[in-house]
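S.K.: Have a peek at entry-v2.txt (compact mmCIF, C-alpha atoms).
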# COMPACT_ATOMS: atom_id res chain seq x y z
CA MET A 1 -134.76 -42.89 -42.97
CA ARG A 2 -133.54 -46.45 -43.42
CA THR A 3 -131.95 -47.40 -46.72
CA ARG A 4 -131.67 -51.04 -47.66
CA LYS A 5 -130.09 -52.83 -50.58
CA PRO A 6 -129.28 -56.45 -51.42
CA ASP A 7 -125.56 -57.16 -51.69
CA ALA A 8 -124.96 -59.43 -54.66
CA ALA A 9 -128.20 -61.27 -53.77
CA GLN A 10 -126.74 -62.71 -50.59
CA MET A 11 -128.45 -60.56 -47.99
CA THR A 12 -130.18 -57.25 -47.55
CA LEU A 13 -128.11 -54.66 -45.72
CA GLU A 14 -129.17 -51.41 -44.10
CA LEU A 15 -127.58 -48.42 -42.46
CA ASN A 16 -129.30 -48.42 -39.08
CA PRO A 17 -130.17 -44.83 -38.11
CA ASP A 18 -130.81 -45.98 -34.55
CA ASP A 19 -127.18 -47.11 -34.26
CA GLU A 20 -125.18 -44.29 -35.84
CA ASN A 21 -125.84 -45.66 -39.35
CA ARG A 22 -124.00 -48.87 -38.53
CA LEU A 23 -123.94 -51.35 -41.43
CA THR A 24 -126.43 -54.01 -40.35
CA VAL A 25 -127.82 -57.23 -41.77
CA PHE A 26 -131.53 -56.74 -42.38
CA GLU A 27 -132.12 -60.16 -43.95
CA PRO A 28 -129.82 -63.00 -45.04
CA ILE A 29 -131.69 -64.59 -47.93
CA GLU A 30 -132.41 -68.28 -47.46
CA GLY A 31 -130.32 -70.57 -49.63
CA THR A 32 -127.49 -68.07 -50.18
CA PRO A 33 -123.91 -68.18 -48.86
CA ALA A 34 -124.64 -65.47 -46.28
CA TYR A 35 -127.54 -67.50 -44.90
CA ASP A 36 -125.53 -70.72 -44.92
CA ALA A 37 -122.63 -69.01 -43.16
CA GLY A 38 -124.91 -68.31 -40.19
CA LEU A 39 -125.52 -64.57 -40.47
CA LEU A 40 -128.69 -63.37 -38.74
CA PRO A 41 -130.97 -60.32 -39.00
CA GLY A 42 -129.65 -57.54 -36.77
CA ASP A 43 -126.00 -58.59 -37.01
CA LYS A 44 -123.77 -55.52 -37.09
CA VAL A 45 -121.06 -55.72 -39.74
CA MET A 46 -118.07 -54.13 -38.04
CA ALA A 47 -115.49 -54.90 -40.74
CA ILE A 48 -115.23 -56.37 -44.26
CA ASP A 49 -112.00 -58.28 -44.93
CA GLY A 50 -110.48 -56.58 -41.90
CA GLU A 51 -111.40 -53.04 -42.96
CA SER A 52 -113.65 -51.09 -40.59
CA THR A 53 -117.13 -50.23 -41.81
CA ASP A 54 -117.25 -46.98 -39.82
CA GLY A 55 -118.75 -44.32 -42.10
CA ILE A 56 -119.27 -46.72 -45.00
CA ASP A 57 -122.25 -46.31 -47.34
CA LEU A 58 -124.21 -49.13 -48.96
CA GLN A 59 -122.56 -48.77 -52.37
CA GLN A 60 -119.11 -49.05 -50.82
CA ALA A 61 -120.20 -52.04 -48.75
CA GLN A 62 -121.57 -53.82 -51.80
CA ALA A 63 -118.38 -53.18 -53.75
CA LYS A 64 -116.28 -54.69 -50.96
CA ILE A 65 -118.51 -57.73 -50.49
CA ARG A 66 -118.79 -58.60 -54.17
CA GLY A 67 -116.02 -60.51 -55.90
CA PRO A 68 -115.11 -63.50 -58.08
CA VAL A 69 -117.19 -66.66 -57.75
CA GLY A 70 -115.55 -69.08 -55.33
CA SER A 71 -113.58 -66.42 -53.49
CA LYS A 72 -114.22 -65.61 -49.84
CA VAL A 73 -115.12 -62.45 -47.99
CA ILE A 74 -114.68 -62.20 -44.22
CA LEU A 75 -117.37 -60.30 -42.36
CA THR A 76 -116.61 -59.32 -38.78
CA VAL A 77 -119.91 -59.28 -36.94
CA LYS A 78 -121.15 -58.11 -33.57
CA ARG A 79 -124.33 -59.90 -32.49
CA LYS A 80 -126.78 -58.70 -29.90
CA GLY A 81 -126.42 -60.56 -26.63
CA GLU A 82 -122.94 -61.84 -27.40
CA GLU A 83 -119.62 -60.43 -26.23
CA GLY A 84 -117.00 -59.30 -28.69
CA THR A 85 -117.11 -59.96 -32.43
CA LYS A 86 -116.96 -63.03 -34.63
CA ASP A 87 -115.64 -63.53 -38.16
CA TYR A 88 -117.88 -65.17 -40.75
CA SER A 89 -116.35 -66.53 -43.95
CA VAL A 90 -118.77 -66.22 -46.86
CA VAL A 91 -118.00 -67.94 -50.17
CA ARG A 92 -119.14 -65.87 -53.12
CA GLY A 93 -121.15 -67.66 -55.77
CA ASN A 94 -123.63 -67.49 -58.60
CA ILE A 95 -126.96 -67.39 -56.80
CA HIS A 96 -130.53 -67.93 -57.90
CA VAL A 97 -132.69 -66.20 -55.36
CA VAL A 98 -136.16 -67.62 -54.84
CA SER A 99 -138.41 -64.57 -55.07
CA VAL A 100 -141.32 -66.00 -53.07
CA SER A 101 -141.47 -67.56 -49.62
CA SER A 102 -144.56 -68.65 -47.70
CA LYS A 103 -145.82 -70.14 -44.46
CA MET A 104 -148.99 -70.67 -42.46
CA LEU A 105 -149.86 -68.35 -39.59
CA ASP A 106 -152.32 -68.83 -36.76
CA GLY A 107 -155.99 -68.51 -37.60
CA ASP A 108 -155.83 -70.24 -41.00
CA VAL A 109 -153.94 -67.28 -42.48
CA GLY A 110 -151.47 -67.84 -45.27
CA TYR A 111 -148.42 -65.57 -45.50
CA VAL A 112 -146.59 -64.93 -48.76
CA ARG A 113 -143.56 -62.71 -49.10
CA LEU A 114 -142.38 -61.39 -52.45
CA ARG A 115 -138.77 -60.20 -52.43
CA ILE A 116 -138.51 -59.22 -56.09
CA PHE A 117 -140.57 -59.40 -59.27
CA GLY A 118 -138.54 -61.67 -61.54
CA ALA A 119 -139.17 -63.98 -64.45
CA SER A 120 -140.31 -66.88 -62.24
CA THR A 121 -142.18 -64.89 -59.57
CA ALA A 122 -145.71 -65.51 -60.86
CA GLU A 123 -145.13 -69.26 -61.05
CA GLU A 124 -143.58 -69.30 -57.57
CA MET A 125 -146.51 -67.24 -56.29
CA HIS A 126 -149.04 -69.64 -57.79
CA ASP A 127 -147.32 -72.68 -56.26
CA ALA A 128 -147.10 -70.99 -52.85
CA ILE A 129 -150.80 -70.10 -52.78
CA VAL A 130 -151.84 -73.58 -53.90
CA LYS A 131 -149.78 -75.06 -51.08
CA LEU A 132 -151.21 -72.65 -48.50
CA LYS A 133 -154.79 -73.36 -49.56
CA GLU A 134 -154.11 -77.08 -49.29
CA GLN A 135 -152.92 -76.40 -45.74
CA GLY A 136 -156.21 -74.68 -44.93
CA ALA A 137 -155.56 -70.99 -45.60
CA HIS A 138 -158.79 -68.98 -45.73
CA SER A 139 -157.14 -65.57 -46.01
CA LEU A 140 -153.82 -64.27 -47.23
CA ILE A 141 -151.19 -61.74 -46.21
CA LEU A 142 -149.11 -60.60 -49.17
CA ASP A 143 -145.91 -58.95 -47.92
CA LEU A 144 -144.38 -56.45 -50.33
CA ARG A 145 -142.34 -54.55 -47.74
CA ASN A 146 -138.81 -53.69 -48.87
CA ASN A 147 -139.56 -55.00 -52.36
CA GLY A 148 -137.98 -52.58 -54.78
CA GLY A 149 -139.82 -54.01 -57.77
CA GLY A 150 -138.69 -55.71 -60.97
CA TYR A 151 -140.43 -56.64 -64.20
CA VAL A 152 -143.78 -54.96 -64.93
CA ASP A 153 -144.92 -58.13 -66.71
CA ALA A 154 -144.24 -60.08 -63.51
CA ALA A 155 -146.48 -57.71 -61.57
CA VAL A 156 -149.22 -58.14 -64.17
CA ASP A 157 -148.93 -61.92 -63.96
CA VAL A 158 -149.11 -61.82 -60.15
CA VAL A 159 -152.19 -59.57 -60.13
CA SER A 160 -153.82 -61.73 -62.81
CA GLN A 161 -153.99 -64.61 -60.36
CA PHE A 162 -156.44 -62.62 -58.23
CA LEU A 163 -158.62 -60.82 -60.81
CA GLU A 164 -162.14 -62.15 -61.10
CA LYS A 165 -162.32 -61.57 -64.84
CA ASP A 166 -159.89 -61.92 -67.70
CA ASN A 167 -158.65 -58.89 -69.61
CA GLY A 168 -158.89 -56.77 -66.44
CA LEU A 169 -156.72 -53.65 -66.46
CA VAL A 170 -153.71 -53.90 -64.15
CA VAL A 171 -151.82 -50.72 -65.04
CA TYR A 172 -151.31 -48.32 -67.92
CA THR A 173 -148.52 -45.99 -68.96
CA ILE A 174 -148.51 -42.82 -71.03
CA ASP A 175 -145.36 -41.94 -72.96
CA ARG A 176 -144.03 -38.51 -73.88
CA ASN A 177 -146.13 -38.55 -77.06
CA ASN A 178 -149.27 -39.07 -74.97
CA ARG A 179 -149.66 -42.63 -76.22
CA ARG A 180 -151.31 -44.94 -73.73
CA ARG A 181 -150.19 -48.54 -73.20
CA GLU A 182 -152.37 -50.86 -71.16
CA TYR A 183 -151.28 -53.97 -69.30
CA ARG A 184 -154.18 -56.38 -68.84
CA ALA A 185 -154.65 -59.77 -67.21
CA ASP A 186 -154.46 -62.67 -69.63
CA ASP A 187 -156.66 -65.09 -67.70
CA ARG A 188 -159.33 -65.20 -65.02
CA GLY A 189 -157.75 -65.54 -61.59
CA SER A 190 -158.36 -68.54 -59.38
CA VAL A 191 -157.42 -67.07 -55.98
CA ASN A 192 -160.63 -66.09 -54.22
CA ILE A 193 -159.76 -65.35 -50.58
CA PRO A 194 -159.46 -62.11 -48.59
CA ILE A 195 -156.07 -60.44 -48.98
CA LEU A 196 -154.13 -57.97 -46.86
CA VAL A 197 -151.14 -56.38 -48.61
CA LEU A 198 -148.25 -55.08 -46.50
CA VAL A 199 -146.23 -52.19 -47.95
CA ASN A 200 -143.76 -49.62 -46.69
CA GLU A 201 -141.64 -46.76 -48.00
CA PHE A 202 -139.32 -49.24 -49.75
CA SER A 203 -142.12 -50.89 -51.76
CA ALA A 204 -141.59 -49.49 -55.24
CA SER A 205 -142.09 -50.04 -58.95
CA ALA A 206 -143.75 -53.44 -59.54
CA SER A 207 -144.68 -53.59 -55.86
CA GLU A 208 -146.65 -50.36 -56.17
CA ILE A 209 -148.34 -51.63 -59.32
CA THR A 210 -149.37 -54.86 -57.62
CA ALA A 211 -150.62 -53.21 -54.43
CA GLY A 212 -152.47 -50.48 -56.31
CA ALA A 213 -154.14 -52.85 -58.77
CA LEU A 214 -155.33 -55.22 -56.05
CA ARG A 215 -156.76 -52.28 -54.11
CA ASP A 216 -158.37 -50.63 -57.12
CA HIS A 217 -160.12 -53.86 -58.09
CA GLY A 218 -161.42 -54.22 -54.55
CA LEU A 219 -159.47 -57.41 -53.97
CA ALA A 220 -157.24 -56.35 -51.10
CA GLU A 221 -156.75 -53.95 -48.22
CA LEU A 222 -153.40 -52.16 -47.93
CA LEU A 223 -151.50 -51.70 -44.69
CA GLY A 224 -148.38 -49.59 -44.38
For this file, write the structure as structure tokens.
M.R.:
Amino acid sequence: MRTRKPDAAQMTLELNPDDENRLTVFEPIEGTPAYDAGLLPGDKVMAIDGESTDGIDLQQAQAKIRGPVGSKVILTVKRKGEEGTKDYSVVRGNIHVVSVSSKMLDGDVGYVRLRIFGASTAEEMHDAIVKLKEQGAHSLILDLRNNGGGYVDAAVDVVSQFLEKDNGLVVYTIDRNNRRREYRADDRGSVNIPILVLVNEFSASASEITAGALRDHGLAELLG
């Protein structure tokens, strides 16, 4: 099984089971130092500050990569199709990660990827969908793969944009005293196009809430 975690919000790393659990870049997040340094998906991290990553786990890797703002970490990388290794100098910094990215696909299909459910996710989601519809999107792919979740309220706000009626139930919880708490949409949603939601084994927490609510309300098909 693949395990992936973001390292200090610079990139998502995984231990690749197809390559002896080699520490591998799954995704350098756009706008972060790792992305700006030129790291690419699939890059094998052979060493961190000169220390071999053989046998390293993700927690150890994160601890080595993190550090004071403005300091540098050197990642020695082996890239597919290139001989030898190359050192990449990444400057650590305070990073605001945009939680939503989007683009148009062939066939008038809009694609939206949610990385996390944060305080600004619903607003970013709204802006992305408005832009895609202006570009001619008639259907939507919502990608929640590898999204480990975040704020429940953010999931409720995202789902609310799709619900056809206000006050629709998104999710409920029951505490140890058997008390039920309901999370409902505040407003009627304005997004009225077919949706396909992509999930995988790493879609958790707020991702599961979002996917499940969209399916239960008959607003989306799930794949994954």
S.K.: Can you pull out the residues contacting stretch 20-23 of chain A? Cut-off 8 Å, using only C-alpha atoms, and skip same-chain residues under 6 positions away; I want them as a PyMOL selection string.
M.R.: chain A and resi 13-14+44-46+53-58
S.K.: Of the candidates A:Val25, A:Val109, A:Leu15, A:Leu39, which one gets nearest to A:Gln59 if we count only C-alpha atoms?
M.R.: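 Of the candidates, the smallest distance to A:Gln59 is held by A:Leu15.
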S.K.: So the first atom is atom CA of A:Gly136 and the second is atom CA of A:Gly224; what is the distance between them in Å, to one decimal place?
M.R.: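 Pair atom CA of A:Gly136 / atom CA of A:Gly224 returns 26.3 Å.
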S.K.: Would you kindly identify which residues have an atom no farther than 12 Å from (-159.3, -70.4, -47.8), using all atoms listed in the file and the file's own coordinates, and write them out as a PyMOL selection string?
M.R.: chain A and resi 104+107-110+129-141+190-195
S.K.: Can you work out which one of A:Gly38, A:Gly148, A:Pro68, A:Gly189 has the shortest atom-to-atom distance to A:Ser160, counting only C-alpha atoms?
M.R.: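 Distance minimum relative to A:Ser160 lands on A:Gly189.
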S.K.: Between A:Glu182, A:Glu208, A:Asp43, A:Glu30, which one has atoms that come closest to A:Tyr88, using all atoms listed in the file?
M.R.: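 For A:Tyr88, the nearest of the candidates is A:Asp43.
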S.K.: Taking into account all atoms listed in the file, which residue in the set A:Ala155, A:Ile65, A:Val197, A:Ala213 is nearest to A:Gly93?
M.R.: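 Under the stated criterion, the closest residue is A:Ile65.
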S.K.: If you count only C-alpha atoms, which residues fall within 8 Å of A:Val158, apart from same-chain ones fewer than 6 positions away, as a PDB file with C-alpha atoms, in the coordinates of the input?
M.R.:
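As a result, part.pdb now contains:
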ATOM      1  CA  THR A 121    -142.180 -64.890 -59.570  1.00  0.00           C
ATOM      2  CA  ALA A 122    -145.710 -65.510 -60.860  1.00  0.00           C
ATOM      3  CA  MET A 125    -146.510 -67.240 -56.290  1.00  0.00           C
ATOM      4  CA  THR A 210    -149.370 -54.860 -57.620  1.00  0.00           C
TER       5      THR A 210
END
S.K.: Would you mind telling me which residue in A:Val98, A:Val199, A:Ala119, A:Ala220 lies nearest to A:Asp143 when using all atoms listed in the file?
M.R.: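 Of A:Val98, A:Val199, A:Ala119, A:Ala220, the one nearest A:Asp143, counting all atoms listed in the file, is A:Val199.
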S.K.: Which one of A:Ile74, A:Val100, A:Leu223, A:Leu169 sits closest to A:Arg181 if you count all atoms listed in the file?
M.R.: A:Leu169
S.K.: Quick one: distance from atom CA of A:Glu124 to atom CA of A:Lys103 in Å, one decimal?
M.R.: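 Result for atom CA of A:Glu124 versus atom CA of A:Lys103: 13.3 Å, one decimal.
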S.K.: Quote the spacing between atom CA of A:Tyr183 and atom CA of A:Val171 in Å to one decimal place.
M.R.: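 Straight-line distance from atom CA of A:Tyr183 to atom CA of A:Val171 works out to 5.4 Å.
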